[in-house]
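This is final12.txt (compact mmCIF, C-alpha atoms).
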```txt
# COMPACT_ATOMS: atom_id res chain seq x y z
CA MET A 24 -11.45 -18.87 -6.72
CA ALA A 25 -8.04 -17.24 -6.65
CA LYS A 26 -7.36 -14.44 -4.20
CA ARG A 27 -6.46 -11.10 -5.75
CA VAL A 28 -4.73 -7.99 -4.39
CA MET A 29 -4.87 -4.55 -5.98
CA ILE A 30 -1.59 -2.65 -5.92
CA LEU A 31 -2.25 1.09 -6.16
CA ALA A 32 0.84 3.02 -7.27
CA THR A 33 2.17 5.63 -9.65
CA ASN A 34 5.52 7.03 -10.75
CA GLY A 35 8.01 7.33 -7.92
CA PHE A 36 7.01 4.25 -5.92
CA GLU A 37 9.88 2.78 -3.89
CA GLN A 38 11.09 -0.07 -6.09
CA SER A 39 11.47 -2.74 -3.39
CA GLU A 40 8.15 -1.82 -1.77
CA LEU A 41 6.20 -2.78 -4.89
CA PHE A 42 8.27 -5.50 -6.53
CA ASP A 43 9.11 -7.49 -3.37
CA PRO A 44 5.59 -7.71 -1.84
CA LYS A 45 4.17 -8.37 -5.35
CA LYS A 46 6.55 -11.32 -5.77
CA ASN A 47 5.81 -12.57 -2.25
CA LEU A 48 2.05 -12.43 -2.89
CA GLU A 49 2.38 -14.21 -6.23
CA ASP A 50 4.68 -16.85 -4.72
CA ALA A 51 1.88 -17.52 -2.20
CA GLY A 52 -0.58 -18.08 -5.07
CA ILE A 53 -2.25 -14.66 -4.82
CA GLU A 54 -2.91 -12.73 -8.02
CA THR A 55 -1.93 -9.06 -8.18
CA GLU A 56 -3.22 -6.26 -10.35
CA LEU A 57 -1.43 -2.92 -10.69
CA VAL A 58 -3.74 0.09 -10.77
CA SER A 59 -2.35 3.56 -11.47
CA LEU A 60 -3.34 7.08 -12.47
CA GLU A 61 -2.50 6.53 -16.14
CA SER A 62 -2.14 3.55 -18.45
CA GLY A 63 1.18 2.34 -19.82
CA GLU A 64 4.16 1.99 -17.52
CA ILE A 65 5.17 3.60 -14.25
CA LYS A 66 8.72 4.05 -13.02
CA ALA A 67 10.17 3.15 -9.64
CA TRP A 68 12.42 5.20 -7.44
CA ASP A 69 15.33 3.03 -6.30
CA LYS A 70 17.08 4.52 -3.25
CA ASP A 71 18.50 7.67 -4.89
CA ASP A 72 17.64 7.44 -8.60
CA TRP A 73 14.98 6.24 -11.01
CA GLY A 74 14.66 2.46 -11.21
CA LYS A 75 12.72 -0.21 -13.07
CA THR A 76 9.43 0.28 -14.88
CA ILE A 77 6.33 -1.90 -14.57
CA THR A 78 3.27 -2.18 -16.78
CA VAL A 79 -0.04 -0.88 -15.43
CA ASP A 80 -3.00 -3.29 -15.60
CA LYS A 81 -5.78 -0.70 -15.08
CA THR A 82 -6.21 2.97 -14.33
CA VAL A 83 -8.05 4.24 -11.27
CA ASP A 84 -10.84 5.33 -13.61
CA ASP A 85 -11.22 1.73 -14.85
CA VAL A 86 -11.95 0.49 -11.32
CA ALA A 87 -15.67 0.63 -10.61
CA ASN A 88 -15.32 -0.62 -7.02
CA CYS A 89 -13.27 -2.94 -4.83
CA GLU A 90 -15.32 -6.05 -5.59
CA GLY A 91 -13.18 -8.84 -6.97
CA TYR A 92 -10.22 -7.83 -4.80
CA ASP A 93 -9.35 -9.30 -1.43
CA ALA A 94 -6.95 -6.57 -0.26
CA LEU A 95 -5.18 -3.35 -1.23
CA LEU A 96 -1.40 -2.87 -1.23
CA LEU A 97 -0.02 0.67 -1.05
CA PRO A 98 3.75 0.83 -1.73
CA GLY A 99 5.63 3.80 -0.39
CA GLY A 100 8.34 6.01 -1.67
CA GLN A 101 8.07 9.72 -1.12
CA ILE A 102 6.81 10.68 -4.59
CA ASN A 103 4.21 7.95 -5.17
CA PRO A 104 1.76 8.54 -2.28
CA ASP A 105 2.17 12.29 -2.60
CA LEU A 106 0.90 12.10 -6.20
CA LEU A 107 -1.82 9.58 -5.37
CA ARG A 108 -3.27 11.46 -2.41
CA VAL A 109 -4.28 14.42 -4.57
CA ASN A 110 -6.24 12.18 -6.96
CA ASP A 111 -9.87 11.94 -5.84
CA ARG A 112 -10.47 8.52 -7.42
CA ALA A 113 -7.33 7.02 -5.84
CA VAL A 114 -8.41 8.25 -2.40
CA ALA A 115 -11.95 6.97 -3.03
CA ILE A 116 -10.55 3.51 -3.79
CA VAL A 117 -8.79 3.45 -0.41
CA ARG A 118 -12.03 4.48 1.30
CA GLU A 119 -13.97 1.77 -0.57
CA PHE A 120 -11.59 -0.97 0.59
CA ASN A 121 -11.92 0.33 4.14
CA ALA A 122 -15.72 0.49 4.00
CA ALA A 123 -15.73 -3.13 2.80
CA GLY A 124 -13.49 -4.12 5.72
CA LYS A 125 -10.82 -5.48 3.38
CA PRO A 126 -7.15 -5.40 4.40
CA ILE A 127 -5.21 -2.30 3.38
CA ALA A 128 -1.43 -2.69 3.65
CA ALA A 129 0.60 0.55 3.54
CA ILE A 130 4.37 0.79 3.91
CA CYS A 131 6.83 3.67 4.37
CA HIS A 132 5.24 6.94 3.11
CA ALA A 133 2.07 5.18 1.88
CA PRO A 134 0.17 5.87 5.14
CA TRP A 135 -0.21 9.39 3.71
CA MET A 136 -2.99 7.76 1.67
CA LEU A 137 -4.63 6.52 4.87
CA ILE A 138 -4.44 10.03 6.31
CA GLU A 139 -5.94 11.55 3.14
CA ALA A 140 -8.75 8.98 3.22
CA GLY A 141 -9.51 9.90 6.85
CA LEU A 142 -8.77 6.42 8.22
CA VAL A 143 -6.06 6.89 10.85
CA GLU A 144 -7.78 8.60 13.78
CA GLY A 145 -7.62 6.37 16.85
CA LYS A 146 -5.70 3.63 15.01
CA THR A 147 -2.35 2.17 16.09
CA LEU A 148 -0.09 2.41 13.05
CA THR A 149 3.52 2.80 11.97
CA SER A 150 5.22 4.52 9.04
CA TYR A 151 8.49 5.91 7.79
CA HIS A 152 9.92 8.13 10.53
CA SER A 153 9.60 11.37 8.54
CA ILE A 154 5.79 11.18 8.35
CA ARG A 155 5.12 10.09 11.93
CA THR A 156 4.24 13.66 12.92
CA ASP A 157 1.68 13.73 10.08
CA MET A 158 0.26 10.46 11.41
CA LYS A 159 0.07 11.83 14.98
CA ASN A 160 -1.48 15.08 13.79
CA ALA A 161 -4.17 13.04 12.00
CA GLY A 162 -4.96 11.24 15.26
CA ALA A 163 -3.06 7.97 14.92
CA ASN A 164 -1.30 6.25 17.80
CA VAL A 165 2.11 5.85 16.15
CA VAL A 166 4.41 2.99 17.12
CA ASP A 167 7.91 2.12 15.96
CA GLN A 168 7.70 -1.55 15.07
CA GLU A 169 8.11 -3.81 12.05
CA VAL A 170 4.38 -4.27 11.46
CA ALA A 171 1.45 -2.55 13.14
CA GLU A 172 -2.03 -3.91 12.55
CA ASP A 173 -5.26 -2.29 13.68
CA GLY A 174 -8.49 -3.64 12.28
CA ASN A 175 -8.07 -3.95 8.53
CA LEU A 176 -5.03 -1.61 8.40
CA ILE A 177 -1.54 -3.12 8.15
CA THR A 178 1.41 -0.72 8.22
CA SER A 179 5.20 -1.00 8.14
CA ARG A 180 8.10 1.44 8.30
CA ASN A 181 10.55 0.80 5.46
CA PRO A 182 12.01 -1.77 3.03
CA ASP A 183 13.66 -3.70 5.89
CA ASP A 184 10.15 -4.59 7.10
CA ILE A 185 9.00 -6.08 3.76
CA PRO A 186 9.29 -9.75 4.81
CA ALA A 187 7.10 -9.28 7.90
CA PHE A 188 4.81 -6.85 6.06
CA SER A 189 4.31 -9.33 3.21
CA ASP A 190 3.75 -12.24 5.60
CA ARG A 191 1.05 -10.36 7.48
CA LEU A 192 -0.74 -9.31 4.28
CA ILE A 193 -0.53 -12.83 2.84
CA SER A 194 -1.87 -14.29 6.09
CA ARG A 195 -4.80 -11.86 6.08
CA VAL A 196 -5.60 -12.48 2.41
CA LEU A 197 -5.45 -16.25 2.91
CA GLU A 198 -7.32 -15.81 6.22
CA LYS A 199 -4.69 -17.65 8.24
CA VAL A 200 -4.82 -15.16 11.10
CA PRO A 201 -7.80 -13.47 12.70
CA GLU A 202 -8.18 -9.69 12.63
CA ASN A 203 -6.03 -7.99 15.28
CA ALA A 204 -3.96 -11.12 15.84
```
Written as structure tokens, that's how I'd like the structure from this file.
Amino acid sequence: MAKRVMILATNGFEQSELFDPKKNLEDAGIETELVSLESGEIKAWDKDDWGKTITVDKTVDDVANCEGYDALLLPGGQINPDLLRVNDRAVAIVREFNAAGKPIAAICHAPWMLIEAGLVEGKTLTSYHSIRTDMKNAGANVVDQEVAEDGNLITSRNPDDIPAFSDRLISRVLEKVPENA
């Protein structure tokens, strides 16, 4: 059975942080499914202006639970996680993946979703530099490194980290590395 990763995003996701890991996952033979707040298309933010659009596969309200998915990918961008973290169903999805012990990969500003879901206390994580104080205030041990992994949580700082971030998520989904490796 094919492995499948849910990508949870909405308007304002950082273009490279969705498209690049999505391509890397698919190149590794892993299916992806884009879940958003509304159906139709969502638009990327690309550095300093609006970017490409992408078609949504399902809305958060169409997702009954995390069964059928092997991991959750949370792209960053400043706008995207800020909109997602005020949506109760989006936050519940993050909590469901965590409760099931499935990998949750969050890059850049996306760890805001981990904070909102109450998952960062006592965890060693990284993020974009501007939200590190938020991470610390929520109880995380914040490090400045390409990829930080603690239990089922995989975090990275910015688009430069996408290759390592993608590799770690792919390895976890394909079970090539043990937890906390």
**Asked** Between atom CA of A:Val143 and atom CA of A:Ala87, what is the spacing in Å?
**Response** 24.3 Å
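The closest residue to A:Lys46, picked from A:Ala115, A:Ile65, A:Cys89, A:Val28 and counting all atoms listed in the file, is A:Val28.
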**Asked** Which one is closest to A:Val166: A:Asn34, A:Asn110, A:Ser179, A:Thr55? Count all atoms listed in the file.
**Response**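 Answer, going by the shortest atom-to-atom distance: A:Ser179.
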**Request:** Go through A:Val165, A:Tyr92, A:Asn175, A:Val79 one by one, measure the shortest atom-to-atom distance of each to A:Asn121 using all atoms listed in the file, and give the residue with the smallest value.
**Result:** A:Asn175
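Here atom CA of A:Phe120 is placed at a distance of 29.0 Å from atom CA of A:Gly74.
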**Prompt:** Restricting the calculation to all atoms listed in the file, which member of A:Leu57, A:Ile154, A:Val83, A:Leu148 is positioned closest to A:Arg112?
**Reply:**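 Closest residue, counting all atoms listed in the file: A:Val83.
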**Prompt:** Mind pulling up the distance from atom CA of A:Ala161 to atom CA of A:Thr149?
**Reply:** 12.8 Å
**Asked** What's the 8 Å shell around A:Ala32, counting all atoms listed in the file, without same-chain residues fewer than 6 positions away, as an MDAnalysis selection string?
**Response** chainID A and resid 57:60 97:98 103:104 107
**Minimum-distance residue to A:Ile193, chosen among A:Leu106, A:Ala113, A:Ala133, A:Ile177 (using all atoms listed in the file)** = A:Ile177
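Closest to A:Lys26 among A:Gly145, A:Glu54, A:Met136, A:Asn47 is A:Glu54, based on all atoms listed in the file.
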Can you report as AutoDock Vina command-line options the centre and edge lengths in Å, to one decimal, of an axis-aligned box around the listed atoms of stretch 90-104 of chain A padded with 3 Å on each side?
```
--center_x -3.5 --center_y 0.7 --center_z -3.6 --size_x 29.7 --size_y 26.0 --size_z 12.7
```
**Who sits within 12 Å of A:Leu197, all atoms listed in the file, same chain under 4 positions skipped, as a PyMOL selection string** = chain A and resi 24-28+48+51-54+93-94+126+189-193+201
**Prompt:** Got a sec: who's within 7 Å of stretch 137-140 of chain A, counting only C-alpha atoms, leaving out chain neighbours fewer than 4 positions off, as an NGL selection string?
**Reply:** :A and (108 or 114 or 117-118 or 158 or 161)
**Request:** Tell me, as an MDAnalysis selection string, which residues lie within 9 Å of A:Ile130, counting all atoms listed in the file; anything in the same chain fewer than 5 positions away does not count.
**Result:** chainID A and resid 40 96:100 149:151 177:182 184:185 188
